[in-house]
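Data from entry37.pdb: PDB, C-alpha atoms
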```pdb
MODEL        1
ATOM      1  CA  MET X   1      -8.742 -89.827 -19.722  1.00  0.00           C
ATOM      2  CA  SER X   2     -11.175 -87.366 -21.205  1.00  0.00           C
ATOM      3  CA  ARG X   3      -9.933 -84.232 -22.971  1.00  0.00           C
ATOM      4  CA  LYS X   4     -12.123 -82.348 -20.535  1.00  0.00           C
ATOM      5  CA  TYR X   5      -9.726 -83.180 -17.683  1.00  0.00           C
ATOM      6  CA  LYS X   6      -6.321 -82.121 -18.990  1.00  0.00           C
ATOM      7  CA  PHE X   7      -4.108 -79.064 -18.653  1.00  0.00           C
ATOM      8  CA  HIS X   8      -4.485 -77.604 -22.156  1.00  0.00           C
ATOM      9  CA  ASN X   9      -3.463 -74.012 -21.382  1.00  0.00           C
ATOM     10  CA  LYS X  10      -0.140 -74.289 -19.541  1.00  0.00           C
ATOM     11  CA  ALA X  11      -0.379 -70.674 -18.352  1.00  0.00           C
ATOM     12  CA  GLY X  12      -4.019 -71.014 -17.273  1.00  0.00           C
ATOM     13  CA  LEU X  13      -5.644 -70.713 -13.896  1.00  0.00           C
ATOM     14  CA  TYR X  14      -6.955 -74.108 -12.735  1.00  0.00           C
ATOM     15  CA  PHE X  15      -9.280 -75.613 -10.172  1.00  0.00           C
ATOM     16  CA  VAL X  16      -8.175 -79.114  -9.138  1.00  0.00           C
ATOM     17  CA  SER X  17      -9.438 -81.671  -6.685  1.00  0.00           C
ATOM     18  CA  PHE X  18      -7.758 -84.906  -5.731  1.00  0.00           C
ATOM     19  CA  ALA X  19      -8.483 -87.518  -3.104  1.00  0.00           C
ATOM     20  CA  THR X  20      -6.747 -90.239  -1.161  1.00  0.00           C
ATOM     21  CA  VAL X  21      -7.289 -93.809  -2.334  1.00  0.00           C
ATOM     22  CA  TYR X  22     -10.680 -95.144  -1.262  1.00  0.00           C
ATOM     23  CA  TRP X  23     -11.426 -91.626   0.015  1.00  0.00           C
ATOM     24  CA  LEU X  24      -9.655 -92.550   3.257  1.00  0.00           C
ATOM     25  CA  ASP X  25      -9.841 -89.905   5.982  1.00  0.00           C
ATOM     26  CA  VAL X  26      -6.081 -89.568   6.411  1.00  0.00           C
ATOM     27  CA  PHE X  27      -5.894 -85.880   7.318  1.00  0.00           C
ATOM     28  CA  THR X  28      -7.294 -86.198  10.807  1.00  0.00           C
ATOM     29  CA  ARG X  29      -4.175 -85.215  12.723  1.00  0.00           C
ATOM     30  CA  GLN X  30      -2.248 -81.957  12.761  1.00  0.00           C
ATOM     31  CA  ILE X  31       1.005 -83.611  11.683  1.00  0.00           C
ATOM     32  CA  TYR X  32      -0.533 -84.817   8.393  1.00  0.00           C
ATOM     33  CA  PHE X  33      -1.964 -81.386   7.634  1.00  0.00           C
ATOM     34  CA  ASN X  34       1.534 -79.998   8.305  1.00  0.00           C
ATOM     35  CA  VAL X  35       2.929 -82.159   5.482  1.00  0.00           C
ATOM     36  CA  LEU X  36       0.431 -80.607   3.048  1.00  0.00           C
ATOM     37  CA  ALA X  37       1.168 -77.066   4.258  1.00  0.00           C
ATOM     38  CA  GLU X  38       4.946 -77.562   4.082  1.00  0.00           C
ATOM     39  CA  SER X  39       4.625 -78.980   0.576  1.00  0.00           C
ATOM     40  CA  ILE X  40       2.637 -75.935  -0.520  1.00  0.00           C
ATOM     41  CA  HIS X  41       5.308 -73.642   0.950  1.00  0.00           C
ATOM     42  CA  TYR X  42       7.964 -75.532  -1.003  1.00  0.00           C
ATOM     43  CA  CYS X  43       5.995 -75.522  -4.273  1.00  0.00           C
ATOM     44  CA  ARG X  44       5.355 -71.797  -3.972  1.00  0.00           C
ATOM     45  CA  ALA X  45       9.024 -71.030  -3.253  1.00  0.00           C
ATOM     46  CA  GLU X  46      10.732 -73.517  -5.573  1.00  0.00           C
ATOM     47  CA  LYS X  47       8.299 -74.789  -8.197  1.00  0.00           C
ATOM     48  CA  GLY X  48       6.481 -71.653  -9.347  1.00  0.00           C
ATOM     49  CA  MET X  49       3.116 -72.413  -7.759  1.00  0.00           C
ATOM     50  CA  GLU X  50       0.751 -69.475  -7.524  1.00  0.00           C
ATOM     51  CA  LEU X  51      -1.967 -70.440  -5.045  1.00  0.00           C
ATOM     52  CA  TYR X  52      -5.227 -68.470  -4.985  1.00  0.00           C
ATOM     53  CA  ALA X  53      -7.533 -70.710  -2.954  1.00  0.00           C
ATOM     54  CA  TYR X  54      -7.263 -74.029  -1.157  1.00  0.00           C
ATOM     55  CA  CYS X  55      -8.997 -76.360   1.243  1.00  0.00           C
ATOM     56  CA  PHE X  56      -7.567 -79.461   2.887  1.00  0.00           C
ATOM     57  CA  MET X  57     -10.292 -81.908   3.875  1.00  0.00           C
ATOM     58  CA  PRO X  58      -9.835 -85.238   5.712  1.00  0.00           C
ATOM     59  CA  SER X  59      -9.814 -87.248   2.458  1.00  0.00           C
ATOM     60  CA  HIS X  60      -9.193 -84.721  -0.300  1.00  0.00           C
ATOM     61  CA  VAL X  61      -7.677 -81.411  -1.367  1.00  0.00           C
ATOM     62  CA  HIS X  62      -8.939 -78.520  -3.504  1.00  0.00           C
ATOM     63  CA  PHE X  63      -6.757 -75.818  -5.094  1.00  0.00           C
ATOM     64  CA  ILE X  64      -7.078 -72.900  -7.430  1.00  0.00           C
ATOM     65  CA  PHE X  65      -3.593 -72.428  -8.780  1.00  0.00           C
ATOM     66  CA  ARG X  66      -1.426 -71.412 -11.695  1.00  0.00           C
ATOM     67  CA  SER X  67       2.070 -72.558 -12.612  1.00  0.00           C
ATOM     68  CA  SER X  68       4.307 -69.550 -13.288  1.00  0.00           C
ATOM     69  CA  ASN X  69       6.652 -72.008 -15.047  1.00  0.00           C
ATOM     70  CA  GLU X  70       3.788 -73.119 -17.294  1.00  0.00           C
ATOM     71  CA  GLN X  71       4.085 -76.690 -16.029  1.00  0.00           C
ATOM     72  CA  PRO X  72       0.855 -77.283 -14.109  1.00  0.00           C
ATOM     73  CA  MET X  73       0.780 -81.062 -14.639  1.00  0.00           C
ATOM     74  CA  GLU X  74       4.397 -81.504 -13.535  1.00  0.00           C
ATOM     75  CA  LEU X  75       3.856 -79.231 -10.533  1.00  0.00           C
ATOM     76  CA  LEU X  76       0.837 -81.210  -9.360  1.00  0.00           C
ATOM     77  CA  GLN X  77       2.605 -84.534  -9.975  1.00  0.00           C
ATOM     78  CA  ALA X  78       5.581 -83.385  -7.884  1.00  0.00           C
ATOM     79  CA  PHE X  79       3.274 -82.169  -5.096  1.00  0.00           C
ATOM     80  CA  LYS X  80       1.328 -85.431  -5.005  1.00  0.00           C
ATOM     81  CA  LYS X  81       4.450 -87.631  -5.175  1.00  0.00           C
ATOM     82  CA  HIS X  82       6.182 -85.722  -2.390  1.00  0.00           C
ATOM     83  CA  THR X  83       3.149 -85.531  -0.099  1.00  0.00           C
ATOM     84  CA  ALA X  84       2.362 -89.229  -0.606  1.00  0.00           C
ATOM     85  CA  LYS X  85       5.873 -90.222   0.425  1.00  0.00           C
ATOM     86  CA  LYS X  86       5.999 -87.831   3.392  1.00  0.00           C
ATOM     87  CA  VAL X  87       2.523 -88.638   4.744  1.00  0.00           C
ATOM     88  CA  ILE X  88       3.174 -92.391   4.551  1.00  0.00           C
ATOM     89  CA  GLU X  89       6.532 -91.908   6.347  1.00  0.00           C
ATOM     90  CA  THR X  90       4.788 -89.785   8.964  1.00  0.00           C
ATOM     91  CA  ILE X  91       2.110 -92.444   9.494  1.00  0.00           C
ATOM     92  CA  GLU X  92       4.759 -95.172   9.776  1.00  0.00           C
ATOM     93  CA  ASN X  93       6.698 -93.151  12.375  1.00  0.00           C
ATOM     94  CA  ASN X  94       3.725 -91.844  14.358  1.00  0.00           C
ATOM     95  CA  PRO X  95       3.367 -93.780  17.633  1.00  0.00           C
ATOM     96  CA  GLN X  96       0.028 -92.014  18.199  1.00  0.00           C
ATOM     97  CA  GLU X  97      -1.518 -93.383  14.986  1.00  0.00           C
ATOM     98  CA  SER X  98      -4.019 -96.032  16.072  1.00  0.00           C
ATOM     99  CA  ARG X  99      -4.945 -96.757  12.443  1.00  0.00           C
ATOM    100  CA  LYS X 100      -1.348 -97.261  11.239  1.00  0.00           C
ATOM    101  CA  GLU X 101      -1.521-100.926  10.184  1.00  0.00           C
ATOM    102  CA  TRP X 102      -4.940-100.510   8.584  1.00  0.00           C
ATOM    103  CA  LEU X 103      -3.967 -97.360   6.638  1.00  0.00           C
ATOM    104  CA  LEU X 104      -0.732 -98.913   5.366  1.00  0.00           C
ATOM    105  CA  TRP X 105      -2.637-102.072   4.393  1.00  0.00           C
ATOM    106  CA  MET X 106      -5.166 -99.973   2.446  1.00  0.00           C
ATOM    107  CA  PHE X 107      -2.386 -98.051   0.645  1.00  0.00           C
ATOM    108  CA  GLU X 108      -0.645-101.328  -0.173  1.00  0.00           C
ATOM    109  CA  ARG X 109      -3.931-102.852  -1.393  1.00  0.00           C
ATOM    110  CA  ALA X 110      -4.491 -99.859  -3.693  1.00  0.00           C
ATOM    111  CA  GLY X 111      -0.894-100.110  -4.947  1.00  0.00           C
ATOM    112  CA  LYS X 112      -1.285-103.774  -5.846  1.00  0.00           C
ATOM    113  CA  LYS X 113      -4.180-102.876  -8.153  1.00  0.00           C
ATOM    114  CA  GLN X 114      -1.836-100.699 -10.232  1.00  0.00           C
ATOM    115  CA  GLY X 115       0.889-102.176 -12.405  1.00  0.00           C
ATOM    116  CA  ASN X 116       3.148 -99.147 -12.024  1.00  0.00           C
ATOM    117  CA  ILE X 117       3.136 -98.929  -8.197  1.00  0.00           C
ATOM    118  CA  SER X 118       5.916-100.695  -6.298  1.00  0.00           C
ATOM    119  CA  LYS X 119       4.410-100.638  -2.783  1.00  0.00           C
ATOM    120  CA  TYR X 120       1.881 -98.017  -1.725  1.00  0.00           C
ATOM    121  CA  GLN X 121      -0.584 -95.826  -3.555  1.00  0.00           C
ATOM    122  CA  PHE X 122      -1.708 -92.810  -1.536  1.00  0.00           C
ATOM    123  CA  TRP X 123      -3.532 -90.484  -3.955  1.00  0.00           C
ATOM    124  CA  GLN X 124      -6.065 -91.408  -6.594  1.00  0.00           C
ATOM    125  CA  HIS X 125      -4.515 -90.801 -10.009  1.00  0.00           C
ATOM    126  CA  HIS X 126      -6.910 -88.217 -11.421  1.00  0.00           C
ATOM    127  CA  ASN X 127      -6.873 -84.482 -10.606  1.00  0.00           C
ATOM    128  CA  LYS X 128      -9.799 -83.288 -12.701  1.00  0.00           C
ATOM    129  CA  PRO X 129      -8.251 -79.942 -13.686  1.00  0.00           C
ATOM    130  CA  ILE X 130     -10.783 -77.370 -14.819  1.00  0.00           C
ATOM    131  CA  GLU X 131      -9.476 -74.214 -16.431  1.00  0.00           C
ATOM    132  CA  LEU X 132     -11.108 -71.108 -14.985  1.00  0.00           C
ATOM    133  CA  TRP X 133     -11.942 -68.755 -17.807  1.00  0.00           C
ATOM    134  CA  SER X 134     -14.023 -65.973 -16.234  1.00  0.00           C
ATOM    135  CA  GLU X 135     -14.358 -63.982 -13.042  1.00  0.00           C
ATOM    136  CA  SER X 136     -17.749 -65.537 -12.282  1.00  0.00           C
ATOM    137  CA  VAL X 137     -16.373 -69.101 -12.646  1.00  0.00           C
ATOM    138  CA  VAL X 138     -13.392 -68.246 -10.412  1.00  0.00           C
ATOM    139  CA  LYS X 139     -15.730 -66.875  -7.739  1.00  0.00           C
ATOM    140  CA  GLN X 140     -18.001 -69.915  -8.032  1.00  0.00           C
ATOM    141  CA  LYS X 141     -15.052 -72.302  -7.488  1.00  0.00           C
ATOM    142  CA  ILE X 142     -13.721 -70.242  -4.560  1.00  0.00           C
ATOM    143  CA  ASP X 143     -17.165 -70.403  -2.948  1.00  0.00           C
ATOM    144  CA  TYR X 144     -17.278 -74.154  -3.569  1.00  0.00           C
ATOM    145  CA  ILE X 145     -13.839 -74.636  -1.996  1.00  0.00           C
ATOM    146  CA  HIS X 146     -14.591 -72.466   1.026  1.00  0.00           C
ATOM    147  CA  ASN X 147     -18.004 -74.031   1.635  1.00  0.00           C
ATOM    148  CA  ASN X 148     -16.754 -77.622   1.394  1.00  0.00           C
ATOM    149  CA  PRO X 149     -16.175 -77.953   5.194  1.00  0.00           C
ATOM    150  CA  VAL X 150     -19.599 -76.396   5.837  1.00  0.00           C
ATOM    151  CA  GLU X 151     -21.353 -78.771   3.419  1.00  0.00           C
ATOM    152  CA  SER X 152     -19.519 -81.679   5.076  1.00  0.00           C
ATOM    153  CA  GLY X 153     -20.823 -80.599   8.484  1.00  0.00           C
ATOM    154  CA  PHE X 154     -17.452 -79.841  10.071  1.00  0.00           C
ATOM    155  CA  VAL X 155     -18.109 -76.132  10.664  1.00  0.00           C
ATOM    156  CA  THR X 156     -20.983 -73.680  10.291  1.00  0.00           C
ATOM    157  CA  ASN X 157     -18.859 -70.819   8.948  1.00  0.00           C
ATOM    158  CA  PRO X 158     -16.172 -71.297   6.243  1.00  0.00           C
ATOM    159  CA  ILE X 159     -13.601 -69.179   8.121  1.00  0.00           C
ATOM    160  CA  ASP X 160     -13.752 -71.608  11.046  1.00  0.00           C
ATOM    161  CA  TRP X 161     -12.061 -74.392   9.034  1.00  0.00           C
ATOM    162  CA  LYS X 162      -8.358 -74.038   9.817  1.00  0.00           C
ATOM    163  CA  TYR X 163      -7.059 -75.425   6.519  1.00  0.00           C
ATOM    164  CA  SER X 164      -8.918 -73.231   4.067  1.00  0.00           C
ATOM    165  CA  SER X 165      -8.120 -70.003   2.282  1.00  0.00           C
ATOM    166  CA  ALA X 166     -11.451 -68.649   3.549  1.00  0.00           C
ATOM    167  CA  LYS X 167      -9.304 -67.330   6.415  1.00  0.00           C
ATOM    168  CA  ASN X 168      -6.934 -65.647   3.958  1.00  0.00           C
ATOM    169  CA  TYR X 169      -9.848 -63.808   2.376  1.00  0.00           C
ATOM    170  CA  GLN X 170     -10.479 -62.405   5.878  1.00  0.00           C
ATOM    171  CA  ASP X 171      -6.825 -61.230   6.141  1.00  0.00           C
ATOM    172  CA  ASP X 172      -5.673 -64.230   8.211  1.00  0.00           C
ATOM    173  CA  SER X 173      -2.742 -66.060   6.653  1.00  0.00           C
ATOM    174  CA  THR X 174      -1.565 -67.877   9.777  1.00  0.00           C
ATOM    175  CA  VAL X 175      -1.672 -71.302   8.086  1.00  0.00           C
ATOM    176  CA  LEU X 176      -0.655 -70.591   4.478  1.00  0.00           C
ATOM    177  CA  GLU X 177       0.062 -67.575   2.348  1.00  0.00           C
ATOM    178  CA  ILE X 178      -1.887 -67.266  -0.869  1.00  0.00           C
ATOM    179  CA  ASP X 179      -1.260 -65.075  -3.862  1.00  0.00           C
ATOM    180  CA  ASN X 180      -3.178 -61.863  -4.432  1.00  0.00           C
ATOM    181  CA  ALA X 181      -6.396 -62.636  -6.228  1.00  0.00           C
ATOM    182  CA  GLY X 182      -6.448 -59.154  -7.762  1.00  0.00           C
ATOM    183  CA  PHE X 183      -6.964 -60.691 -11.212  1.00  0.00           C
ATOM    184  CA  PHE X 184     -10.680 -60.623 -10.432  1.00  0.00           C
ATOM    185  CA  GLY X 185     -12.882 -58.068  -8.695  1.00  0.00           C
TER     186      GLY X 185
ENDMDL
END
```
As structure tokens:
Amino acid sequence: MSRKYKFHNKAGLYFVSFATVYWLDVFTRQIYFNVLAESIHYCRAEKGMELYAYCFMPSHVHFIFRSSNEQPMELLQAFKKHTAKKVIETIENNPQESRKEWLLWMFERAGKKQGNISKYQFWQHHNKPIELWSESVVKQKIDYIHNNPVESGFVTNPIDWKYSSAKNYQDDSTVLEIDNAGFFG
């Protein structure tokens, strides 16, 4: 792993992106998005996550966050481990999931490629953390996050994507609360 993609400043503000194995479009049903949202609630309440921007896409997630406990790597590992377990359980128990066998087979296939995975691998291993060092870089990453659903063709306006903090920046926190981004303009 390159030095470029590590958490060097434990108190820093970071942009991270991570994807499902094979970029599978897993987050296509409300119940899977709920697992992500509930995990964020838990990490904010119990793990010291400060969340400033986010977007949940069908195959990947973007965050701008800080760890108030100065443990960003551990926080992200806990989030990914928990969500992987819960989403797989939810898929297994979802009678409405027409892709159940195929998804589980793909997760198992990915797990078999790794020596340290016992059954399923859900997330790709890298997070690509980028420390945000200036107001202009923070704004650029927020714009990138909020425009991701637009660039993907899902919506024409960033605030129309339900699982994005673009709504929060318009005073709508019906999905998730975020922390005050008063540290920049």
Nearby residues (only C-alpha atoms) at most 8 Å from segment 38-41 of chain X, same-chain spacing under 6 positions excluded, as a PyMOL selection string: chain X and resi 79+82-83+176
With only C-alpha atoms as the counted atoms, please give the residues lying no more than 9 Å from Ala53 of chain X, apart from itself and same-chain residues fewer than 6 positions off, as a VMD selection string. chain X and resid 15 62 to 65 141 to 142 145 to 146 164 to 166 168 178 to 179 181
If you measure from atom CA of Val175 of chain X to atom CA of Asn34 of chain X, what distance in Å do you get, rounded to one decimal?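 If I compute the distance from atom CA of Val175 of chain X to atom CA of Asn34 of chain X, I get 9.3 Å.
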One decimal, Å: what's the distance from atom CA of Tyr14 of chain X over to atom CA of Tyr54 of chain X, could you say?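 Distance reported for this atom pair: 11.6 Å.
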To one decimal place, how far is atom CA of Lys6 of chain X from atom CA of Gln124 of chain X in Å?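 It comes out at 15.5 Å.
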Exercise on segment 88-95 of chain X, axis-aligned box with 6 Å per side, report centre and edge lengths in Å to one decimal, as AutoDock Vina command-line options:
```
--center_x 4.4 --center_y -92.5 --center_z 11.1 --size_x 16.6 --size_y 17.4 --size_z 25.1
```
Who sits within 8 Å of Phe7 of chain X, only C-alpha atoms, same chain under 2 positions skipped, as a CSV table (one decimal) with C-alpha atoms, keeping the file's coordinate frame:
```
chain,number,residue,atom,x,y,z
X,5,TYR,CA,-9.7,-83.2,-17.7
X,9,ASN,CA,-3.5,-74.0,-21.4
X,10,LYS,CA,-0.1,-74.3,-19.5
X,72,PRO,CA,0.9,-77.3,-14.1
X,73,MET,CA,0.8,-81.1,-14.6
X,129,PRO,CA,-8.3,-79.9,-13.7
X,130,ILE,CA,-10.8,-77.4,-14.8
X,131,GLU,CA,-9.5,-74.2,-16.4
```
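In this comparison, which uses all atoms listed in the file, the residue of X:His8, X:Arg44, X:His125, X:Lys100 approaching Asn69 of chain X most closely is X:Arg44.
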With distances taken over all atoms listed in the file, the candidate from X:Tyr144, X:Phe154, X:Phe122, X:Tyr52 nearest Glu177 of chain X is X:Tyr52
Which of X:Asp25, X:Glu151, X:Asp143, X:Glu50 sits closest to Leu13 of chain X [using all atoms listed in the file]: X:Glu50
Minimum-distance residue to Leu36 of chain X, chosen among X:Asn127, X:Thr90, X:Asn157, X:Gln114 (using all atoms listed in the file):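 Of X:Asn127, X:Thr90, X:Asn157, X:Gln114, the one nearest Leu36 of chain X is X:Thr90, counting all atoms listed in the file.
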Nearest candidate to Phe56 of chain X (options X:Ser98, X:Asn180, X:Asn148, X:Ser173; using all atoms listed in the file):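 Of X:Ser98, X:Asn180, X:Asn148, X:Ser173, the one nearest Phe56 of chain X, counting all atoms listed in the file, is X:Asn148.
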Best match for closeness to Glu74 of chain X among X:Cys55, X:Val137, X:Val35, X:Cys43, counting only C-alpha atoms: X:Cys43
Which neighbours of Asn93 of chain X fall inside 12 Å, counting all atoms listed in the file, when residues of the same chain fewer than 5 positions from it are skipped, and could you give them as a ChimeraX atom specification? /X:31-32,86-88,98,100-101,104
Write only C-alpha atoms for segment 29-112 of chain X from the block just shown, as a PDB file, in the first residue's frame.
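In the end it all went to result-v7.pdb:
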```
ATOM      1  CA  ARG X  29     -32.993  -1.667  -1.860  1.00  0.00           C
ATOM      2  CA  GLN X  30     -34.027   0.523   1.050  1.00  0.00           C
ATOM      3  CA  ILE X  31     -33.198  -2.140   3.638  1.00  0.00           C
ATOM      4  CA  TYR X  32     -29.518  -2.215   2.589  1.00  0.00           C
ATOM      5  CA  PHE X  33     -29.251   1.568   2.721  1.00  0.00           C
ATOM      6  CA  ASN X  34     -30.776   1.355   6.220  1.00  0.00           C
ATOM      7  CA  VAL X  35     -27.845  -0.812   7.361  1.00  0.00           C
ATOM      8  CA  LEU X  36     -25.398   1.895   6.244  1.00  0.00           C
ATOM      9  CA  ALA X  37     -27.418   4.671   7.906  1.00  0.00           C
ATOM     10  CA  GLU X  38     -27.785   2.739  11.175  1.00  0.00           C
ATOM     11  CA  SER X  39     -24.060   2.014  11.197  1.00  0.00           C
ATOM     12  CA  ILE X  40     -23.294   5.710  10.767  1.00  0.00           C
ATOM     13  CA  HIS X  41     -25.635   6.549  13.660  1.00  0.00           C
ATOM     14  CA  TYR X  42     -23.813   4.018  15.830  1.00  0.00           C
ATOM     15  CA  CYS X  43     -20.331   5.218  14.830  1.00  0.00           C
ATOM     16  CA  ARG X  44     -21.280   8.820  15.530  1.00  0.00           C
ATOM     17  CA  ALA X  45     -22.752   7.969  18.947  1.00  0.00           C
ATOM     18  CA  GLU X  46     -20.293   5.318  20.134  1.00  0.00           C
ATOM     19  CA  LYS X  47     -17.090   5.456  18.097  1.00  0.00           C
ATOM     20  CA  GLY X  48     -16.320   9.174  17.865  1.00  0.00           C
ATOM     21  CA  MET X  49     -17.125   9.623  14.181  1.00  0.00           C
ATOM     22  CA  GLU X  50     -17.556  13.204  13.057  1.00  0.00           C
ATOM     23  CA  LEU X  51     -19.287  13.100   9.672  1.00  0.00           C
ATOM     24  CA  TYR X  52     -19.200  16.180   7.431  1.00  0.00           C
ATOM     25  CA  ALA X  53     -20.306  14.807   4.062  1.00  0.00           C
ATOM     26  CA  TYR X  54     -21.400  11.459   2.680  1.00  0.00           C
ATOM     27  CA  CYS X  55     -22.938   9.730  -0.294  1.00  0.00           C
ATOM     28  CA  PHE X  56     -24.126   6.138  -0.515  1.00  0.00           C
ATOM     29  CA  MET X  57     -24.112   4.874  -4.092  1.00  0.00           C
ATOM     30  CA  PRO X  58     -25.274   1.436  -5.319  1.00  0.00           C
ATOM     31  CA  SER X  59     -21.727   0.007  -5.262  1.00  0.00           C
ATOM     32  CA  HIS X  60     -19.695   2.401  -3.136  1.00  0.00           C
ATOM     33  CA  VAL X  61     -19.605   4.940  -0.319  1.00  0.00           C
ATOM     34  CA  HIS X  62     -17.927   8.335   0.095  1.00  0.00           C
ATOM     35  CA  PHE X  63     -17.321  10.122   3.416  1.00  0.00           C
ATOM     36  CA  ILE X  64     -15.618  13.193   4.734  1.00  0.00           C
ATOM     37  CA  PHE X  65     -15.003  12.405   8.366  1.00  0.00           C
ATOM     38  CA  ARG X  66     -12.770  12.830  11.375  1.00  0.00           C
ATOM     39  CA  SER X  67     -12.241  10.512  14.329  1.00  0.00           C
ATOM     40  CA  SER X  68     -12.587  12.441  17.595  1.00  0.00           C
ATOM     41  CA  ASN X  69     -10.782   9.493  19.234  1.00  0.00           C
ATOM     42  CA  GLU X  70      -7.903   9.902  16.779  1.00  0.00           C
ATOM     43  CA  GLN X  71      -8.437   6.381  15.455  1.00  0.00           C
ATOM     44  CA  PRO X  72      -9.618   6.886  11.874  1.00  0.00           C
ATOM     45  CA  MET X  73      -8.316   3.547  10.563  1.00  0.00           C
ATOM     46  CA  GLU X  74      -9.900   1.570  13.405  1.00  0.00           C
ATOM     47  CA  LEU X  75     -13.171   3.476  13.033  1.00  0.00           C
ATOM     48  CA  LEU X  76     -13.383   2.732   9.317  1.00  0.00           C
ATOM     49  CA  GLN X  77     -12.404  -0.916   9.852  1.00  0.00           C
ATOM     50  CA  ALA X  78     -15.159  -1.316  12.458  1.00  0.00           C
ATOM     51  CA  PHE X  79     -17.707   0.360  10.162  1.00  0.00           C
ATOM     52  CA  LYS X  80     -16.793  -1.843   7.203  1.00  0.00           C
ATOM     53  CA  LYS X  81     -16.704  -5.063   9.263  1.00  0.00           C
ATOM     54  CA  HIS X  82     -20.074  -4.364  10.859  1.00  0.00           C
ATOM     55  CA  THR X  83     -21.809  -3.269   7.653  1.00  0.00           C
ATOM     56  CA  ALA X  84     -20.425  -6.255   5.723  1.00  0.00           C
ATOM     57  CA  LYS X  85     -21.808  -8.682   8.287  1.00  0.00           C
ATOM     58  CA  LYS X  86     -25.181  -6.928   8.567  1.00  0.00           C
ATOM     59  CA  VAL X  87     -25.730  -6.448   4.821  1.00  0.00           C
ATOM     60  CA  ILE X  88     -24.881 -10.095   4.094  1.00  0.00           C
ATOM     61  CA  GLU X  89     -27.279 -11.214   6.875  1.00  0.00           C
ATOM     62  CA  THR X  90     -29.944  -8.918   5.454  1.00  0.00           C
ATOM     63  CA  ILE X  91     -29.454 -10.335   1.951  1.00  0.00           C
ATOM     64  CA  GLU X  92     -29.612 -13.904   3.285  1.00  0.00           C
ATOM     65  CA  ASN X  93     -32.860 -13.163   5.153  1.00  0.00           C
ATOM     66  CA  ASN X  94     -34.539 -11.039   2.478  1.00  0.00           C
ATOM     67  CA  PRO X  95     -37.236 -13.065   0.681  1.00  0.00           C
ATOM     68  CA  GLN X  96     -37.580 -10.201  -1.823  1.00  0.00           C
ATOM     69  CA  GLU X  97     -33.939 -10.431  -2.955  1.00  0.00           C
ATOM     70  CA  SER X  98     -34.018 -11.979  -6.427  1.00  0.00           C
ATOM     71  CA  ARG X  99     -30.214 -11.818  -6.669  1.00  0.00           C
ATOM     72  CA  LYS X 100     -29.558 -13.557  -3.324  1.00  0.00           C
ATOM     73  CA  GLU X 101     -27.757 -16.687  -4.559  1.00  0.00           C
ATOM     74  CA  TRP X 102     -25.722 -14.750  -7.114  1.00  0.00           C
ATOM     75  CA  LEU X 103     -24.659 -12.031  -4.637  1.00  0.00           C
ATOM     76  CA  LEU X 104     -23.661 -14.571  -1.982  1.00  0.00           C
ATOM     77  CA  TRP X 105     -21.750 -16.564  -4.615  1.00  0.00           C
ATOM     78  CA  MET X 106     -19.878 -13.408  -5.676  1.00  0.00           C
ATOM     79  CA  PHE X 107     -19.009 -12.541  -2.048  1.00  0.00           C
ATOM     80  CA  GLU X 108     -17.839 -16.111  -1.473  1.00  0.00           C
ATOM     81  CA  ARG X 109     -15.794 -16.037  -4.700  1.00  0.00           C
ATOM     82  CA  ALA X 110     -14.099 -12.807  -3.579  1.00  0.00           C
ATOM     83  CA  GLY X 111     -13.448 -14.310  -0.131  1.00  0.00           C
ATOM     84  CA  LYS X 112     -11.760 -17.373  -1.599  1.00  0.00           C
TER      85      LYS X 112
END
```
